[in-house]
Amino acid sequence: MSSATGGTGVAGVSGTEAAFLNPAMIPVLGMSGFEAFYREAARSTAVSIGDGLGAIDSSPEVWFPGTLHYVRLRERGRGTGTAKGELWHAGVGKRVADQLNLGLSAYRLILEDGAGKSTQWNFSLGALWMITRGFGVGYSVQNLARPGSDVPVALREPTRQILGVLAPLGGAARFRADIARIEKGNPDRKLVYMVGFESKTTDLFMARVGFRRDDLLKRSFWSAGMGFDGPRLKIDYAFEKASEESSGALHSVDLRLPF
């Protein structure tokens, strides 16, 4: 769902995707259970597929809300051409004041491609200030650890900081805006600007649009999508297109089965 809204979400998204964007959001999810999921993203030059299992417990009576995910990955077109691997991701969050949450997440990412096999251990920190029930400010610094020398440069996850806001627009709509900065290979401290809007069209369907401007890459992206939020099946579709290109759009589909 973040893909359809320009990549925004550090201050608020629904569902377990929140743990990957900002672990400080875990306590406000107010849910517990397990899920199986499948994600496929494709453009003309690359295809990535991920499937796995996740668990979350952020019910009010839990002292330390947390999540745990396992994902199998298959990618074509990244780095030296083809990659496969697996991801273990865990996150915890805690309300430390009436309106302030802090969070920590860590992961182990194993990737194997034509150049060999590499393992990355990394972690992220986050904070979320819920000024009102629907209005919040989020901050996350991701991938704080330095990758090992055995990790190919093209596969390294960069350290970046993200600051974002979430604002309600009426009863069924929300606006999000994020600013991000990659810390390495960015001597001019160029930023990424993201805005997104989502609105419920019915009790089960959601419409989304977004825009992202990456000053480091000197590229702009438009995105749109929709979601189905059923009790036993959740589906999110996203479309993203670079304004400077006439082809090469990204299509992604996420399927989640809570149980």
# chains A, B, ... in the order shown; residues from 1 in each chain; ligands from 1
>>> select_by_dssp(residues="range 130-166 of chain A", states="strand (DSSP E)", output="PyMOL selection string")
chain A and resi 130+136-142+160-166
>>> write_last_selection(atoms="C-alpha atoms", output="mmCIF file, in the first residue's frame")
data_model
loop_
_atom_site.group_PDB
_atom_site.id
_atom_site.type_symbol
_atom_site.label_atom_id
_atom_site.label_comp_id
_atom_site.auth_asym_id
_atom_site.auth_seq_id
_atom_site.Cartn_x
_atom_site.Cartn_y
_atom_site.Cartn_z
ATOM 1 C CA MET A 130 0.410 10.818 17.691
ATOM 2 C CA GLY A 136 0.780 12.029 13.654
ATOM 3 C CA VAL A 137 4.450 12.689 12.951
ATOM 4 C CA GLY A 138 6.843 9.795 12.350
ATOM 5 C CA TYR A 139 10.620 9.469 12.081
ATOM 6 C CA SER A 140 12.743 6.473 11.158
ATOM 7 C CA VAL A 141 16.429 5.894 10.518
ATOM 8 C CA GLN A 142 16.895 2.675 8.566
ATOM 9 C CA ARG A 160 18.513 6.603 5.212
ATOM 10 C CA GLN A 161 16.460 8.930 7.380
ATOM 11 C CA ILE A 162 12.736 9.521 6.853
ATOM 12 C CA LEU A 163 10.440 12.125 8.402
ATOM 13 C CA GLY A 164 6.718 12.011 7.700
ATOM 14 C CA VAL A 165 3.278 13.253 8.667
ATOM 15 C CA LEU A 166 -0.169 11.675 8.604
#
>>> select_by_dssp(residues="range 4-83 of chain A", states="alpha helix (DSSP H)", output="list of chain:residue names")
A:Ala18, A:Ala19, A:Phe20, A:Leu21, A:Ile26, A:Pro27, A:Val28, A:Leu29
>>> write_last_selection(atoms="C-alpha atoms", output="PDB file, in the first residue's frame")
ATOM      1  CA  ALA A  18       4.067  -0.689   9.319  1.00  0.00           C
ATOM      2  CA  ALA A  19       6.755  -2.769  11.061  1.00  0.00           C
ATOM      3  CA  PHE A  20       9.048  -2.476   8.016  1.00  0.00           C
ATOM      4  CA  LEU A  21       8.535   1.274   7.548  1.00  0.00           C
ATOM      5  CA  ILE A  26       3.533  -1.414  15.943  1.00  0.00           C
ATOM      6  CA  PRO A  27       1.815  -0.458  19.251  1.00  0.00           C
ATOM      7  CA  VAL A  28      -0.952   1.503  17.482  1.00  0.00           C
ATOM      8  CA  LEU A  29      -1.957  -1.328  15.131  1.00  0.00           C
TER       9      LEU A  29
END
>>> atom_distance(atom1="CA of Ile110 in chain A", atom2="CA of Leu87 in chain A")
6.5 Å
>>> atom_distance(atom1="CA of Asn143 in chain A", atom2="CA of Tyr107 in chain A")
9.3 Å
>>> closest_residue(among="A:Ala55, A:Val192, A:Arg43, A:Asp203", to="Glu17 in chain A", atoms="only C-alpha atoms")
A:Ala55
>>> closest_residue(among="A:Glu240, A:Glu112, A:Glu157, A:Glu61", to="Arg208 in chain A", atoms="only C-alpha atoms")
A:Glu240
>>> atom_distance(atom1="CA of Ala83 in chain A", atom2="CA of Leu111 in chain A")
6.3 Å
>>> residues_around(residues="Asp215 in chain A", least_positions_apart="5", cutoff="9 Å", atoms="only C-alpha atoms", output="tab-separated table (two decimals) with N, CA and C atoms, in the first residue's frame")
chain	number	residue	atom	x	y	z
A	190	LYS	N	20.96	15.50	-1.07
A	190	LYS	CA	19.71	15.63	-1.82
A	190	LYS	C	18.62	14.76	-1.20
A	191	LEU	N	17.38	15.18	-1.38
A	191	LEU	CA	16.25	14.58	-0.68
A	191	LEU	C	15.31	13.86	-1.64
A	192	VAL	N	14.47	13.02	-1.05
A	192	VAL	CA	13.36	12.40	-1.76
A	192	VAL	C	12.07	12.92	-1.13
A	193	TYR	N	11.18	13.46	-1.95
A	193	TYR	CA	9.92	14.03	-1.48
A	193	TYR	C	8.78	13.11	-1.91
A	220	SER	N	11.12	11.67	-11.25
A	220	SER	CA	9.83	11.80	-10.58
A	220	SER	C	8.96	10.60	-10.92
>>> closest_residue(among="A:Ala24, A:Leu100, A:Val13, A:Ala4", to="Trp222 in chain A", atoms="only C-alpha atoms")
A:Ala4
>>> residues_around(residues="Glu75 in chain A", least_positions_apart="5", cutoff="6 Å", atoms="only C-alpha atoms", output="MDAnalysis selection string")
chainID A and resid 47:48 82:84
>>> closest_residue(among="A:Glu244, A:Asp178, A:Glu40, A:Asp57", to="Val10 in chain A", atoms="only C-alpha atoms")
A:Asp178
>>> closest_residue(among="A:Asp214, A:Asp188, A:Glu86, A:Glu198", to="Ala173 in chain A", atoms="only C-alpha atoms")
A:Glu198
>>> closest_residue(among="A:Met31, A:Val151, A:Ala11, A:Leu104", to="Ser58 in chain A", atoms="only C-alpha atoms")
A:Met31
>>> residues_around(residues="Gly171 in chain A", least_positions_apart="3", cutoff="10 Å", atoms="only C-alpha atoms", output="PyMOL selection string")
chain A and resi 134+168+174+199-200
>>> write_last_selection(atoms="N, CA and C atoms", output="CSV table (one decimal), in the first residue's frame")
chain,number,residue,atom,x,y,z
A,134,GLY,N,-5.9,10.9,14.7
A,134,GLY,CA,-5.7,10.7,13.3
A,134,GLY,C,-4.5,11.5,12.7
A,168,PRO,N,-5.7,13.4,8.8
A,168,PRO,CA,-7.0,13.0,8.3
A,168,PRO,C,-7.6,14.0,7.4
A,174,ARG,N,-7.2,9.9,4.1
A,174,ARG,CA,-6.0,10.3,4.8
A,174,ARG,C,-4.9,10.8,3.8
A,199,SER,N,-8.3,6.9,0.3
A,199,SER,CA,-9.7,7.1,0.7
A,199,SER,C,-10.5,5.8,0.6
A,200,LYS,N,-11.3,5.5,1.6
A,200,LYS,CA,-12.2,4.4,1.5
A,200,LYS,C,-13.3,4.7,0.5
>>> residues_around(residues="Gln99 in chain A", least_positions_apart="2", cutoff="9 Å", atoms="only C-alpha atoms", output="ChimeraX atom specification")
/A:95-97,101,128-132
>>> write_last_selection(atoms="C-alpha atoms", output="PDB file, in the first residue's frame")
ATOM      1  CA  ARG A  95       4.441   3.521  24.129  1.00  0.00           C
ATOM      2  CA  VAL A  96       6.721   5.598  26.360  1.00  0.00           C
ATOM      3  CA  ALA A  97       4.343   8.545  26.880  1.00  0.00           C
ATOM      4  CA  ASN A 101       5.951   5.564  20.725  1.00  0.00           C
ATOM      5  CA  LEU A 128       5.914   8.151  16.337  1.00  0.00           C
ATOM      6  CA  TRP A 129       4.196  11.144  17.909  1.00  0.00           C
ATOM      7  CA  MET A 130       0.410  10.818  17.691  1.00  0.00           C
ATOM      8  CA  ILE A 131      -0.722  14.396  18.274  1.00  0.00           C
ATOM      9  CA  THR A 132      -4.368  13.373  17.902  1.00  0.00           C
TER      10      THR A 132
END
>>> decode(residues="range 47-67 of chain A", atoms="N, CA and C atoms", output="mmCIF file, in the first residue's frame")
data_model
loop_
_atom_site.group_PDB
_atom_site.id
_atom_site.type_symbol
_atom_site.label_atom_id
_atom_site.label_comp_id
_atom_site.auth_asym_id
_atom_site.auth_seq_id
_atom_site.Cartn_x
_atom_site.Cartn_y
_atom_site.Cartn_z
ATOM 1 N N VAL A 47 11.849 -8.387 -12.262
ATOM 2 C CA VAL A 47 10.717 -8.999 -11.566
ATOM 3 C C VAL A 47 11.197 -9.432 -10.196
ATOM 4 N N SER A 48 10.426 -9.126 -9.156
ATOM 5 C CA SER A 48 10.760 -9.591 -7.811
ATOM 6 C C SER A 48 9.536 -10.251 -7.198
ATOM 7 N N ILE A 49 9.766 -11.358 -6.504
ATOM 8 C CA ILE A 49 8.692 -12.131 -5.877
ATOM 9 C C ILE A 49 9.090 -12.415 -4.440
ATOM 10 N N GLY A 50 8.146 -12.264 -3.538
ATOM 11 C CA GLY A 50 8.374 -12.597 -2.140
ATOM 12 C C GLY A 50 7.157 -13.274 -1.552
ATOM 13 N N ASP A 51 7.367 -14.325 -0.783
ATOM 14 C CA ASP A 51 6.258 -14.973 -0.079
ATOM 15 C C ASP A 51 6.752 -15.442 1.272
ATOM 16 N N GLY A 52 5.840 -15.542 2.225
ATOM 17 C CA GLY A 52 6.266 -15.955 3.551
ATOM 18 C C GLY A 52 5.155 -15.922 4.565
ATOM 19 N N LEU A 53 5.564 -15.885 5.831
ATOM 20 C CA LEU A 53 4.645 -15.904 6.964
ATOM 21 C C LEU A 53 4.996 -14.778 7.919
ATOM 22 N N GLY A 54 3.983 -14.266 8.601
ATOM 23 C CA GLY A 54 4.200 -13.206 9.574
ATOM 24 C C GLY A 54 3.352 -13.406 10.812
ATOM 25 N N ALA A 55 3.803 -12.852 11.915
ATOM 26 C CA ALA A 55 3.062 -12.893 13.176
ATOM 27 C C ALA A 55 3.142 -11.528 13.829
ATOM 28 N N ILE A 56 2.050 -11.125 14.469
ATOM 29 C CA ILE A 56 2.004 -9.839 15.157
ATOM 30 C C ILE A 56 1.179 -9.972 16.422
ATOM 31 N N ASP A 57 1.594 -9.272 17.456
ATOM 32 C CA ASP A 57 0.780 -9.133 18.665
ATOM 33 C C ASP A 57 0.965 -7.719 19.186
ATOM 34 N N SER A 58 -0.015 -6.879 18.916
ATOM 35 C CA SER A 58 -0.003 -5.508 19.426
ATOM 36 C C SER A 58 -1.316 -5.198 20.136
ATOM 37 N N SER A 59 -1.904 -6.239 20.734
ATOM 38 C CA SER A 59 -3.139 -6.047 21.491
ATOM 39 C C SER A 59 -2.859 -5.197 22.725
ATOM 40 N N PRO A 60 -3.858 -4.493 23.256
ATOM 41 C CA PRO A 60 -3.634 -3.531 24.344
ATOM 42 C C PRO A 60 -2.984 -4.117 25.593
ATOM 43 N N GLU A 61 -3.233 -5.404 25.869
ATOM 44 C CA GLU A 61 -2.699 -5.984 27.104
ATOM 45 C C GLU A 61 -1.244 -6.430 26.987
ATOM 46 N N VAL A 62 -0.661 -6.377 25.798
ATOM 47 C CA VAL A 62 0.729 -6.809 25.603
ATOM 48 C C VAL A 62 1.678 -5.715 26.070
ATOM 49 N N TRP A 63 2.666 -6.079 26.876
ATOM 50 C CA TRP A 63 3.589 -5.086 27.416
ATOM 51 C C TRP A 63 4.569 -4.600 26.359
ATOM 52 N N PHE A 64 5.033 -5.506 25.470
ATOM 53 C CA PHE A 64 5.954 -5.133 24.395
ATOM 54 C C PHE A 64 5.396 -5.644 23.064
ATOM 55 N N PRO A 65 4.588 -4.857 22.354
ATOM 56 C CA PRO A 65 4.054 -5.290 21.063
ATOM 57 C C PRO A 65 5.181 -5.593 20.074
ATOM 58 N N GLY A 66 4.984 -6.632 19.272
ATOM 59 C CA GLY A 66 6.043 -7.011 18.341
ATOM 60 C C GLY A 66 5.534 -7.735 17.110
ATOM 61 N N THR A 67 6.431 -7.878 16.133
ATOM 62 C CA THR A 67 6.143 -8.601 14.895
ATOM 63 C C THR A 67 7.331 -9.485 14.536
#
